[in-house]
Structure formats: C-alpha cells, structure tokens
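What's in protein.cif: mmCIF, C-alpha atoms and all ligand atoms
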data_entry
loop_
_atom_site.group_PDB
_atom_site.id
_atom_site.type_symbol
_atom_site.label_atom_id
_atom_site.label_comp_id
_atom_site.auth_asym_id
_atom_site.auth_seq_id
_atom_site.Cartn_x
_atom_site.Cartn_y
_atom_site.Cartn_z
ATOM 1 C CA ALA Z 1 -10.432 7.552 21.644
ATOM 2 C CA MET Z 2 -9.478 4.934 19.063
ATOM 3 C CA GLU Z 3 -7.015 2.407 20.404
ATOM 4 C CA PHE Z 4 -4.507 1.019 17.926
ATOM 5 C CA LEU Z 5 -3.263 -2.338 19.231
ATOM 6 C CA LYS Z 6 -0.019 -3.663 17.803
ATOM 7 C CA PRO Z 7 -0.598 -6.657 15.496
ATOM 8 C CA SER Z 8 0.976 -9.869 16.863
ATOM 9 C CA GLN Z 9 3.016 -10.211 13.647
ATOM 10 C CA THR Z 10 4.212 -7.701 11.085
ATOM 11 C CA ARG Z 11 1.508 -7.106 8.498
ATOM 12 C CA LEU Z 12 3.043 -7.029 5.018
ATOM 13 C CA MET Z 13 0.692 -5.228 2.653
ATOM 14 C CA ALA Z 14 0.721 -4.254 -0.999
ATOM 15 C CA VAL Z 15 -1.476 -1.385 -2.123
ATOM 16 C CA ALA Z 16 -2.311 -2.556 -5.618
ATOM 17 C CA ASN Z 17 -4.626 -1.929 -8.538
ATOM 18 C CA GLN Z 18 -3.422 -1.917 -12.138
ATOM 19 C CA LYS Z 19 -5.689 1.055 -12.838
ATOM 20 C CA GLY Z 20 -3.948 4.402 -12.465
ATOM 21 C CA GLY Z 21 -5.471 7.248 -10.509
ATOM 22 C CA VAL Z 22 -7.640 5.194 -8.160
ATOM 23 C CA GLY Z 23 -5.884 6.393 -4.999
ATOM 24 C CA LYS Z 24 -3.164 3.772 -4.431
ATOM 25 C CA THR Z 25 -0.425 6.220 -3.532
ATOM 26 C CA THR Z 26 -2.759 8.474 -1.567
ATOM 27 C CA THR Z 27 -3.965 5.457 0.391
ATOM 28 C CA ALA Z 28 -0.491 3.992 0.986
ATOM 29 C CA VAL Z 29 0.844 7.320 2.245
ATOM 30 C CA ASN Z 30 -2.122 8.273 4.389
ATOM 31 C CA ILE Z 31 -2.812 4.856 5.909
ATOM 32 C CA ALA Z 32 0.904 4.562 6.754
ATOM 33 C CA SER Z 33 0.846 8.030 8.318
ATOM 34 C CA ALA Z 34 -2.379 7.408 10.235
ATOM 35 C CA LEU Z 35 -0.978 4.178 11.709
ATOM 36 C CA ALA Z 36 2.290 5.920 12.620
ATOM 37 C CA SER Z 37 0.436 8.837 14.199
ATOM 38 C CA HIS Z 38 -1.164 6.332 16.570
ATOM 39 C CA GLY Z 39 2.185 4.909 17.618
ATOM 40 C CA LEU Z 40 2.495 1.912 15.311
ATOM 41 C CA SER Z 41 5.826 1.399 13.528
ATOM 42 C CA VAL Z 42 5.522 1.530 9.778
ATOM 43 C CA LEU Z 43 7.821 1.062 6.800
ATOM 44 C CA LEU Z 44 6.454 2.532 3.570
ATOM 45 C CA ILE Z 45 8.132 1.187 0.435
ATOM 46 C CA ASP Z 46 7.701 3.034 -2.841
ATOM 47 C CA MET Z 47 7.761 0.551 -5.745
ATOM 48 C CA ASP Z 48 6.514 2.892 -8.451
ATOM 49 C CA PRO Z 49 9.242 4.429 -10.684
ATOM 50 C CA GLN Z 50 7.212 7.666 -10.634
ATOM 51 C CA GLY Z 51 8.148 8.025 -6.974
ATOM 52 C CA ASN Z 52 4.850 9.669 -6.023
ATOM 53 C CA ALA Z 53 4.790 8.159 -2.539
ATOM 54 C CA SER Z 54 8.345 9.418 -1.950
ATOM 55 C CA THR Z 55 7.307 12.922 -3.041
ATOM 56 C CA ALA Z 56 4.207 12.811 -0.864
ATOM 57 C CA MET Z 57 6.317 11.879 2.164
ATOM 58 C CA GLY Z 58 8.812 14.659 1.434
ATOM 59 C CA VAL Z 59 11.605 12.160 0.822
ATOM 60 C CA ASN Z 60 14.310 12.830 -1.746
ATOM 61 C CA HIS Z 61 14.068 10.502 -4.724
ATOM 62 C CA ALA Z 62 16.353 12.138 -7.245
ATOM 63 C CA GLU Z 63 17.917 9.941 -9.890
ATOM 64 C CA GLY Z 64 20.944 8.056 -8.591
ATOM 65 C CA ILE Z 65 20.218 8.279 -4.847
ATOM 66 C CA PRO Z 66 20.098 5.001 -2.889
ATOM 67 C CA SER Z 67 16.596 3.624 -3.439
ATOM 68 C CA VAL Z 68 14.521 0.490 -3.744
ATOM 69 C CA TYR Z 69 16.208 -0.016 -7.124
ATOM 70 C CA ASP Z 70 19.499 -0.797 -5.319
ATOM 71 C CA VAL Z 71 17.572 -3.178 -3.070
ATOM 72 C CA LEU Z 72 16.126 -5.132 -6.000
ATOM 73 C CA GLU Z 73 19.564 -5.332 -7.583
ATOM 74 C CA GLY Z 74 20.945 -6.713 -4.324
ATOM 75 C CA ARG Z 75 23.441 -3.910 -3.670
ATOM 76 C CA LEU Z 76 21.795 -2.493 -0.535
ATOM 77 C CA SER Z 77 19.293 -3.659 2.079
ATOM 78 C CA LEU Z 78 15.933 -2.038 2.824
ATOM 79 C CA THR Z 79 17.402 -0.815 6.118
ATOM 80 C CA GLU Z 80 20.295 0.830 4.283
ATOM 81 C CA VAL Z 81 18.122 2.822 1.874
ATOM 82 C CA LYS Z 82 15.270 3.823 4.176
ATOM 83 C CA SER Z 83 14.966 7.340 5.493
ATOM 84 C CA LYS Z 84 13.048 8.640 8.481
ATOM 85 C CA SER Z 85 9.874 10.621 7.986
ATOM 86 C CA GLU Z 86 10.145 14.205 9.171
ATOM 87 C CA HIS Z 87 6.624 14.120 10.526
ATOM 88 C CA PHE Z 88 6.339 10.836 12.433
ATOM 89 C CA SER Z 89 8.941 9.165 14.627
ATOM 90 C CA HIS Z 90 7.615 5.677 13.816
ATOM 91 C CA LEU Z 91 7.549 5.982 10.034
ATOM 92 C CA ASP Z 92 10.373 5.093 7.646
ATOM 93 C CA VAL Z 93 10.253 5.430 3.885
ATOM 94 C CA VAL Z 94 12.122 3.534 1.173
ATOM 95 C CA PRO Z 95 12.136 5.826 -1.866
ATOM 96 C CA ALA Z 96 11.790 4.887 -5.518
ATOM 97 C CA SER Z 97 13.634 6.880 -8.145
ATOM 98 C CA ILE Z 98 13.197 6.993 -11.883
ATOM 99 C CA ASP Z 99 16.098 4.495 -12.067
ATOM 100 C CA LEU Z 100 13.476 1.891 -11.274
ATOM 101 C CA SER Z 101 11.814 2.413 -14.662
ATOM 102 C CA GLY Z 102 14.657 0.559 -16.375
ATOM 103 C CA ALA Z 103 14.698 -2.194 -13.797
ATOM 104 C CA GLU Z 104 11.800 -4.123 -15.281
ATOM 105 C CA MET Z 105 13.850 -4.897 -18.407
ATOM 106 C CA GLU Z 106 17.160 -5.385 -16.606
ATOM 107 C CA LEU Z 107 15.754 -7.778 -14.037
ATOM 108 C CA ALA Z 108 13.742 -9.785 -16.552
ATOM 109 C CA THR Z 109 16.704 -12.040 -17.352
ATOM 110 C CA LEU Z 110 17.452 -13.052 -13.750
ATOM 111 C CA ALA Z 111 16.374 -16.517 -12.630
ATOM 112 C CA ASN Z 112 14.946 -15.205 -9.349
ATOM 113 C CA ARG Z 113 13.401 -12.120 -10.983
ATOM 114 C CA ASN Z 114 10.063 -12.493 -9.160
ATOM 115 C CA ALA Z 115 11.605 -12.859 -5.729
ATOM 116 C CA LEU Z 116 13.995 -9.905 -5.486
ATOM 117 C CA LEU Z 117 11.841 -7.859 -3.122
ATOM 118 C CA HIS Z 118 10.902 -11.024 -1.246
ATOM 119 C CA ALA Z 119 14.580 -11.680 -0.549
ATOM 120 C CA ALA Z 120 15.032 -8.147 0.775
ATOM 121 C CA MET Z 121 11.877 -8.394 2.881
ATOM 122 C CA HIS Z 122 12.988 -11.740 4.283
ATOM 123 C CA ARG Z 123 16.303 -10.223 5.277
ATOM 124 C CA LEU Z 124 14.557 -7.295 6.959
ATOM 125 C CA LEU Z 125 12.253 -9.580 8.958
ATOM 126 C CA THR Z 126 15.137 -11.867 9.929
ATOM 127 C CA ASP Z 127 17.564 -9.105 10.918
ATOM 128 C CA SER Z 128 15.020 -6.960 12.752
ATOM 129 C CA PRO Z 129 11.905 -9.050 13.379
ATOM 130 C CA HIS Z 130 10.196 -6.539 15.667
ATOM 131 C CA ALA Z 131 11.113 -3.341 13.860
ATOM 132 C CA TYR Z 132 7.748 -2.781 12.159
ATOM 133 C CA ASP Z 133 4.078 -3.420 12.788
ATOM 134 C CA TYR Z 134 3.317 -2.718 9.144
ATOM 135 C CA VAL Z 135 5.246 -2.797 5.904
ATOM 136 C CA ILE Z 136 3.150 -1.050 3.255
ATOM 137 C CA VAL Z 137 4.206 -1.147 -0.391
ATOM 138 C CA ASP Z 138 2.872 1.291 -2.967
ATOM 139 C CA CYS Z 139 2.623 -0.386 -6.379
ATOM 140 C CA ALA Z 140 2.913 0.955 -9.916
ATOM 141 C CA PRO Z 141 -0.273 0.945 -12.033
ATOM 142 C CA SER Z 142 0.508 -2.242 -13.957
ATOM 143 C CA LEU Z 143 0.690 -5.982 -13.538
ATOM 144 C CA GLY Z 144 4.332 -6.180 -14.592
ATOM 145 C CA LEU Z 145 7.485 -7.523 -12.987
ATOM 146 C CA LEU Z 146 7.709 -4.811 -10.327
ATOM 147 C CA VAL Z 147 4.179 -5.505 -9.107
ATOM 148 C CA LEU Z 148 4.828 -9.254 -9.297
ATOM 149 C CA ASN Z 149 7.830 -8.699 -7.005
ATOM 150 C CA VAL Z 150 5.574 -6.942 -4.530
ATOM 151 C CA LEU Z 151 2.903 -9.665 -4.650
ATOM 152 C CA CYS Z 152 5.590 -12.280 -4.011
ATOM 153 C CA ALA Z 153 6.972 -10.330 -1.043
ATOM 154 C CA VAL Z 154 3.817 -9.451 0.922
ATOM 155 C CA ARG Z 155 1.046 -11.459 2.548
ATOM 156 C CA GLU Z 156 -1.842 -9.066 2.063
ATOM 157 C CA VAL Z 157 -3.235 -6.942 -0.716
ATOM 158 C CA LEU Z 158 -5.134 -3.722 -0.072
ATOM 159 C CA ILE Z 159 -7.101 -2.731 -3.162
ATOM 160 C CA PRO Z 160 -8.235 0.890 -3.371
ATOM 161 C CA ILE Z 161 -11.352 1.197 -5.506
ATOM 162 C CA GLN Z 162 -12.467 4.534 -6.866
ATOM 163 C CA ALA Z 163 -16.192 5.134 -6.453
ATOM 164 C CA GLU Z 164 -16.994 5.599 -10.133
ATOM 165 C CA TYR Z 165 -19.012 3.928 -12.858
ATOM 166 C CA TYR Z 166 -16.118 1.740 -14.063
ATOM 167 C CA ALA Z 167 -15.056 0.709 -10.557
ATOM 168 C CA LEU Z 168 -15.527 -3.020 -11.012
ATOM 169 C CA GLU Z 169 -13.989 -3.099 -14.460
ATOM 170 C CA GLY Z 170 -10.461 -4.422 -14.181
ATOM 171 C CA LEU Z 171 -11.026 -5.789 -10.692
ATOM 172 C CA GLY Z 172 -11.603 -9.283 -12.147
ATOM 173 C CA GLN Z 173 -8.268 -9.132 -13.955
ATOM 174 C CA LEU Z 174 -6.504 -8.010 -10.789
ATOM 175 C CA LEU Z 175 -8.032 -10.792 -8.690
ATOM 176 C CA HIS Z 176 -7.191 -13.324 -11.404
ATOM 177 C CA THR Z 177 -3.547 -12.202 -11.350
ATOM 178 C CA ILE Z 178 -3.447 -12.379 -7.565
ATOM 179 C CA GLY Z 179 -4.855 -15.924 -7.821
ATOM 180 C CA LEU Z 180 -2.072 -16.892 -10.239
ATOM 181 C CA VAL Z 181 0.548 -15.505 -7.873
ATOM 182 C CA GLN Z 182 -1.043 -17.416 -4.983
ATOM 183 C CA ARG Z 183 -0.966 -20.717 -6.855
ATOM 184 C CA ASN Z 184 2.464 -20.366 -8.431
ATOM 185 C CA PHE Z 185 4.645 -18.268 -6.153
ATOM 186 C CA ASN Z 186 3.133 -17.117 -2.885
ATOM 187 C CA PRO Z 187 0.515 -19.383 -1.271
ATOM 188 C CA GLN Z 188 0.340 -17.030 1.717
ATOM 189 C CA LEU Z 189 -1.252 -14.127 -0.125
ATOM 190 C CA LEU Z 190 -4.642 -12.746 0.785
ATOM 191 C CA VAL Z 191 -6.789 -9.900 -0.497
ATOM 192 C CA SER Z 192 -7.498 -8.729 3.024
ATOM 193 C CA THR Z 193 -8.738 -5.203 2.428
ATOM 194 C CA MET Z 194 -10.605 -3.088 -0.087
ATOM 195 C CA LEU Z 195 -11.105 0.634 0.402
ATOM 196 C CA ILE Z 196 -13.513 2.848 -1.509
ATOM 197 C CA THR Z 197 -11.814 6.124 -2.421
ATOM 198 C CA MET Z 198 -13.055 9.469 -3.757
ATOM 199 C CA TYR Z 199 -16.500 8.744 -2.400
ATOM 200 C CA ASP Z 200 -19.021 11.500 -3.036
ATOM 201 C CA LYS Z 201 -21.892 11.198 -0.630
ATOM 202 C CA ARG Z 202 -24.051 13.514 -2.726
ATOM 203 C CA THR Z 203 -24.182 11.084 -5.633
ATOM 204 C CA LEU Z 204 -26.245 7.951 -5.857
ATOM 205 C CA LEU Z 205 -23.472 6.416 -7.965
ATOM 206 C CA SER Z 206 -20.979 6.412 -5.105
ATOM 207 C CA LYS Z 207 -23.459 4.626 -2.878
ATOM 208 C CA GLU Z 208 -24.256 2.109 -5.619
ATOM 209 C CA VAL Z 209 -20.574 1.302 -6.097
ATOM 210 C CA PHE Z 210 -20.105 0.869 -2.363
ATOM 211 C CA ASP Z 211 -23.177 -1.371 -2.042
ATOM 212 C CA GLU Z 212 -22.151 -3.514 -4.980
ATOM 213 C CA ILE Z 213 -18.622 -4.015 -3.626
ATOM 214 C CA GLN Z 214 -20.039 -4.751 -0.174
ATOM 215 C CA ARG Z 215 -22.258 -7.413 -1.732
ATOM 216 C CA HIS Z 216 -19.398 -9.104 -3.589
ATOM 217 C CA TYR Z 217 -16.616 -8.683 -1.039
ATOM 218 C CA LYS Z 218 -18.274 -8.675 2.354
ATOM 219 C CA GLY Z 219 -15.799 -8.707 5.205
ATOM 220 C CA ILE Z 220 -13.031 -7.442 2.928
ATOM 221 C CA VAL Z 221 -14.217 -3.956 2.057
ATOM 222 C CA LEU Z 222 -13.852 -1.457 4.877
ATOM 223 C CA ASN Z 223 -17.020 0.239 6.101
ATOM 224 C CA THR Z 224 -15.106 3.507 6.121
ATOM 225 C CA THR Z 225 -14.979 5.271 2.764
ATOM 226 C CA ILE Z 226 -12.599 8.065 1.761
ATOM 227 C CA PRO Z 227 -14.346 11.237 0.612
ATOM 228 C CA ARG Z 228 -13.277 13.231 -2.414
ATOM 229 C CA SER Z 229 -11.417 16.175 -0.941
ATOM 230 C CA VAL Z 230 -9.283 18.959 -2.378
ATOM 231 C CA LYS Z 231 -7.116 18.925 0.753
ATOM 232 C CA ILE Z 232 -6.241 15.257 0.147
ATOM 233 C CA SER Z 233 -5.033 16.082 -3.364
ATOM 234 C CA GLU Z 234 -3.091 19.166 -2.195
ATOM 235 C CA ALA Z 235 -1.143 17.551 0.642
ATOM 236 C CA PRO Z 236 1.502 15.783 -1.549
ATOM 237 C CA SER Z 237 2.697 19.076 -3.036
ATOM 238 C CA PHE Z 238 3.669 20.083 0.510
ATOM 239 C CA GLY Z 239 5.496 16.802 1.056
ATOM 240 C CA GLN Z 240 2.950 15.859 3.682
ATOM 241 C CA SER Z 241 0.271 13.319 4.368
ATOM 242 C CA ILE Z 242 -3.247 14.566 5.044
ATOM 243 C CA ILE Z 243 -2.700 13.584 8.681
ATOM 244 C CA THR Z 244 -0.289 16.483 9.270
ATOM 245 C CA TYR Z 245 -1.436 18.783 6.443
ATOM 246 C CA ASP Z 246 -5.056 19.009 7.614
ATOM 247 C CA PRO Z 247 -5.300 17.050 10.875
ATOM 248 C CA ARG Z 248 -8.917 17.912 11.640
ATOM 249 C CA GLY Z 249 -10.314 17.785 8.112
ATOM 250 C CA ALA Z 250 -12.645 15.151 6.704
ATOM 251 C CA GLY Z 251 -9.850 13.442 4.746
ATOM 252 C CA SER Z 252 -7.669 13.031 7.798
ATOM 253 C CA VAL Z 253 -10.567 11.731 9.877
ATOM 254 C CA ALA Z 254 -11.524 9.242 7.140
ATOM 255 C CA TYR Z 255 -8.005 7.875 6.676
ATOM 256 C CA GLY Z 256 -7.684 7.663 10.471
ATOM 257 C CA GLU Z 257 -10.880 5.638 10.696
ATOM 258 C CA ALA Z 258 -9.908 3.417 7.757
ATOM 259 C CA ALA Z 259 -6.543 2.724 9.420
ATOM 260 C CA TYR Z 260 -8.298 1.967 12.700
ATOM 261 C CA GLU Z 261 -10.758 -0.406 11.058
ATOM 262 C CA MET Z 262 -7.969 -2.137 9.135
ATOM 263 C CA ASN Z 263 -5.835 -2.471 12.243
ATOM 264 C CA SER Z 264 -8.688 -3.788 14.357
ATOM 265 C CA ARG Z 265 -9.001 -6.700 11.890
ATOM 266 C CA SER Z 266 -5.333 -7.659 12.350
ATOM 267 C CA GLU Z 267 -5.748 -10.840 14.379
ATOM 268 C CA ASP Z 268 -8.573 -12.085 12.120
ATOM 269 C CA VAL Z 269 -6.449 -11.551 9.036
ATOM 270 C CA LEU Z 270 -3.319 -13.078 10.591
ATOM 271 C CA ARG Z 271 -5.345 -16.131 11.635
ATOM 272 C CA GLN Z 272 -6.686 -16.530 8.091
ATOM 273 C CA LEU Z 273 -3.152 -16.278 6.726
ATOM 274 C CA ASN Z 274 -1.807 -18.853 9.142
ATOM 275 C CA GLU Z 275 -4.668 -21.243 8.335
ATOM 276 C CA GLN Z 276 -3.965 -20.748 4.641
ATOM 277 C CA ALA Z 277 -0.304 -21.651 5.278
ATOM 278 C CA GLY Z 278 -1.353 -24.739 7.262
ATOM 279 C CA ASN Z 279 -3.449 -25.992 4.359
ATOM 280 C CA GLU Z 280 -0.552 -26.026 1.935
HETATM 281 P P1 LIG D 301 -2.757 6.050 -8.005
HETATM 282 O O1 LIG D 301 -1.578 5.911 -7.101
HETATM 283 O O2 LIG D 301 -3.701 4.884 -7.934
HETATM 284 O O3 LIG D 301 -2.375 6.356 -9.408
HETATM 285 P P2 LIG D 301 -3.221 8.546 -6.631
HETATM 286 O O4 LIG D 301 -3.238 8.216 -5.196
HETATM 287 O O5 LIG D 301 -1.977 9.149 -7.180
HETATM 288 O O6 LIG D 301 -3.642 7.285 -7.495
HETATM 289 O O7 LIG D 301 -4.472 9.495 -6.914
HETATM 290 C C1 LIG D 301 -4.742 9.974 -8.231
HETATM 291 C C2 LIG D 301 -5.086 11.458 -8.165
HETATM 292 O O8 LIG D 301 -6.285 11.638 -7.426
HETATM 293 C C3 LIG D 301 -4.025 12.271 -7.455
HETATM 294 O O9 LIG D 301 -3.943 13.542 -8.066
HETATM 295 C C4 LIG D 301 -4.565 12.410 -6.043
HETATM 296 O O10 LIG D 301 -4.117 13.576 -5.401
HETATM 297 C C5 LIG D 301 -6.049 12.440 -6.281
HETATM 298 N N1 LIG D 301 -6.817 11.876 -5.162
HETATM 299 C C6 LIG D 301 -6.630 10.674 -4.568
HETATM 300 N N2 LIG D 301 -7.523 10.472 -3.582
HETATM 301 C C7 LIG D 301 -8.289 11.592 -3.543
HETATM 302 C C8 LIG D 301 -9.402 12.010 -2.742
HETATM 303 N N3 LIG D 301 -9.904 11.229 -1.777
HETATM 304 N N4 LIG D 301 -9.936 13.223 -2.999
HETATM 305 C C9 LIG D 301 -9.448 14.011 -3.987
HETATM 306 N N5 LIG D 301 -8.415 13.684 -4.767
HETATM 307 C C10 LIG D 301 -7.838 12.478 -4.558
HETATM 308 MG MG MG D 302 0.486 5.893 -7.547
#
Would you mind writing the file out in structure tokens?
Ligand code: ADP
Ligand code: MG
Amino acid sequence: AMEFLKPSQTRLMAVANQKGGVGKTTTAVNIASALASHGLSVLLIDMDPQGNASTAMGVNHAEGIPSVYDVLEGRLSLTEVKSKSEHFSHLDVVPASIDLSGAEMELATLANRNALLHAAMHRLLTDSPHAYDYVIVDCAPSLGLLVLNVLCAVREVLIPIQAEYYALEGLGQLLHTIGLVQRNFNPQLLVSTMLITMYDKRTLLSKEVFDEIQRHYKGIVLNTTIPRSVKISEAPSFGQSIITYDPRGAGSVAYGEAAYEMNSRSEDVLRQLNEQAGNE
C-alpha cells in the first residue's frame, strides 16, 4: 500500500496556468481529495470567480455567501469561511462566488493589493500552525490580480499541462511571470510540480509532449500522467471528486498515484525552499 507521510511543514501550493481548460480545477480538486483520502489534512481554496472547484466539491457558492471574496476584503478569515467536505473528514474548502469577479477592479486601488491572500494565509498559519498538511489554491485562467495574490501567498506552483500540440505554448509566459513574482514579491516561490493531464496513451502526440516536458523540466514533472477519462469529467456534476465518484477507475488511480508521488517529494521540495530562503 502507498504510505502518505505528513510533510514536516505545511505545503502551500497554487495550481496555476493562464490557459483555460488544461485541468487546473480537476487537478486541484482531485489531488486535494486523494491526499485527504490518505489521511492528510487539506485546505482547498477556490480563487476562481467561476467557482468550479466549489461546485466540484459540492460546496455552496451562491452569490453573497461568505467566501474567499470576504477574506480578500479583510472582513472574514479563511477559517471563518471554510466549510467541511461531505466526503472526507480531513478536507476543508474555501468557496469562491461570482462576487469575486468584481474584486479584481475593487482591490486594484489598495496599496497592499498583491498581498491580501498572503495576509489571510499568514493569519491561518499563525493561528493554527498544524491544522493542514497542504493548502491547495485553484487559480483562475489569467495572470491578473487574483492570480498574483495566489502567487504571493504560496510557496509552490503546480502547473497542469494538457497533453496536446500547443502544450508548451504559453508555458514560457507563465514561467516568466512566476520569475517576476519571485524577484519582486515572493522570493520563496518554486515551480515544484508539473502534471501532464488528459494523456491519451494511444496517441504518439501525448507521449511526445510528455517526453519533451520531461527533457525540459526533469525532476519537476511527475512520472504519473492523468489519462483522459469521461468519469473524470462527469464527477463534478455530482459534486464529487473522482476519488469518491469512481474509486477504482483509472482516473482515481492516476490522481492517487500523482498525489503519492507529489507527497513523497515533500522533504526535497521543502529543503529547496528553505535553501532558497537562506540565499536571500
Ligand atoms: P481549468 O480549470 O484549467 O480550466 P478544468 O479542470 O476545468 O480546467 O478542465 C477543463 C475541462 O476538461 C472540464 O470540462 C473537465 O471536466 C475536463 N477534464 C479535465 N481533466 C480531464 C481528464 N483527465 N479527462 C477528461 N476530461 C477532463
Ligand atoms: Mg478552473
């Protein structure tokens, strides 16, 4: 059986890629669920105004309910707006509502506009330092102020990459932006993980994309790939992750293995992050 050891520090991870439809939300939801199903404590934060991660977790995100929007505006803490997952005892979810879509403009005038989520995260880690093994943040498909807030609040970025012809297009821009954030706002930020999604083992193209990414980002890209699967795309409409919707299916197995591989790299990643901090 796979053993999921608790990381020695909370791993703070953004799931980011400015391209839409590459599997960010699917990955955030299913990695969070896989980790929780193996007994790790996870907080999943939805930072996309579309609220897809909230829907997929079966969490109410109607307009006006307490959400991450209230957290960014400083009215409520992450702890105050989180709700418990119905399916896993170790998984909490902070929903995003459509209210968040206006936030980008409203927050733009604040002096600390980049650091609003960071402040909330800092408070969470100070008030309850051992509450979570992982905080996983699902990002909107942009490189705007909301995503900047996430990149300033986390220490790691997980980039899902769809196995398709245009996979590498846009990745340069994303890594450039992450570099800017590192230099200007958050020196302790690391692209720790890449995950190939919607992999089709029958096509040569999928293998070529995987090989190319392996070549460029060795040690970052997980060896586990996520297959294209109808079950994976159906699960959200039942308010469930693939882990409970189809526990024995290929999608569930793949996300379980990806979570295991990611978790087994914890101490390596945390050491890299601490060295990076020491060099500042
Ligand atoms: P993003 O958050 O990057 O926009 P999503 O996670 O919402 O991407 O995925 C985009 C679409 O592709 C969704 O309809 C989702 O259900 C579907 N999808 C994601 N991963 C898979 C997969 N492995 N197999 C089949 N469909 C998938
Ligand atoms: Mg999404």
As lines of an AutoDock Vina configuration file, what would the box around ligand LIG 301 (chain D) look like: edges along x, y and z, 6 Å added on every side, centre and edge lengths in Å to one decimal?
center_x = -5.8
center_y = 9.4
center_z = -5.6
size_x = 20.4
size_y = 21.1
size_z = 19.6
Exercise. Given the file above and the PyMOL selection byres (((not hetatm)) within 8 of (chain D and resi 302)), which residues are selected, and can you give them as a list in words?
Worked result: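 Against this file, the PyMOL selection byres (((not hetatm)) within 8 of (chain D and resi 302)) returns the residues Gly20, Gly21, Gly23, Lys24, Thr25, Thr26, Asp48, Gln50, Gly51, Asn52, Ala53, Asp138, Cys139, Ala140 and Pro141 of chain Z.
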Problem set entry | Residue neighbourhood stretch 76-83 of chain Z, 10 Å, all atoms listed in the file, exclusion window fewer than 6 positions, as JSON, numbers by chain | {"Z": [43, 44, 45, 59, 60, 65, 66, 67, 68, 69, 70, 91, 92, 93, 94, 95, 96, 117, 119, 120, 121, 123, 124, 127, 128]}
Kindly save the residues from that selection, with C-alpha atoms included, as a short mmCIF file (atom, residue, chain, number, x, y, z; two decimals), in the frame of the given file.
data_model
loop_
_atom_site.label_atom_id
_atom_site.label_comp_id
_atom_site.auth_asym_id
_atom_site.auth_seq_id
_atom_site.Cartn_x
_atom_site.Cartn_y
_atom_site.Cartn_z
CA LEU Z 43 7.82 1.06 6.80
CA LEU Z 44 6.45 2.53 3.57
CA ILE Z 45 8.13 1.19 0.44
CA VAL Z 59 11.60 12.16 0.82
CA ASN Z 60 14.31 12.83 -1.75
CA ILE Z 65 20.22 8.28 -4.85
CA PRO Z 66 20.10 5.00 -2.89
CA SER Z 67 16.60 3.62 -3.44
CA VAL Z 68 14.52 0.49 -3.74
CA TYR Z 69 16.21 -0.02 -7.12
CA ASP Z 70 19.50 -0.80 -5.32
CA LEU Z 91 7.55 5.98 10.03
CA ASP Z 92 10.37 5.09 7.65
CA VAL Z 93 10.25 5.43 3.88
CA VAL Z 94 12.12 3.53 1.17
CA PRO Z 95 12.14 5.83 -1.87
CA ALA Z 96 11.79 4.89 -5.52
CA LEU Z 117 11.84 -7.86 -3.12
CA ALA Z 119 14.58 -11.68 -0.55
CA ALA Z 120 15.03 -8.15 0.78
CA MET Z 121 11.88 -8.39 2.88
CA ARG Z 123 16.30 -10.22 5.28
CA LEU Z 124 14.56 -7.30 6.96
CA ASP Z 127 17.56 -9.10 10.92
CA SER Z 128 15.02 -6.96 12.75
#
Problem set entry | Residue neighbourhood stretch 6-13 of chain Z, 6 Å, only C-alpha atoms, exclusion window fewer than 4 positions, as a list in words |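 Here the answer would be Asp133, Tyr134, Val135, Ile136, Val154, Arg155, Glu156, Val157 and Ser266 of chain Z.
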Exercise. Which residues fall under the PyMOL selection byres (((chain Z and resi 236) around 10) and not hetatm) in this file, as a list in words?
Worked result: Thr25, Thr26, Val29, Asn52, Ala53, Ser54, Thr55, Ala56, Met57, Gly58, Lys231, Ile232, Ser233, Glu234, Ala235, Ser237, Phe238, Gly239, Gln240, Ser241, Ile242 and Tyr245 of chain Z
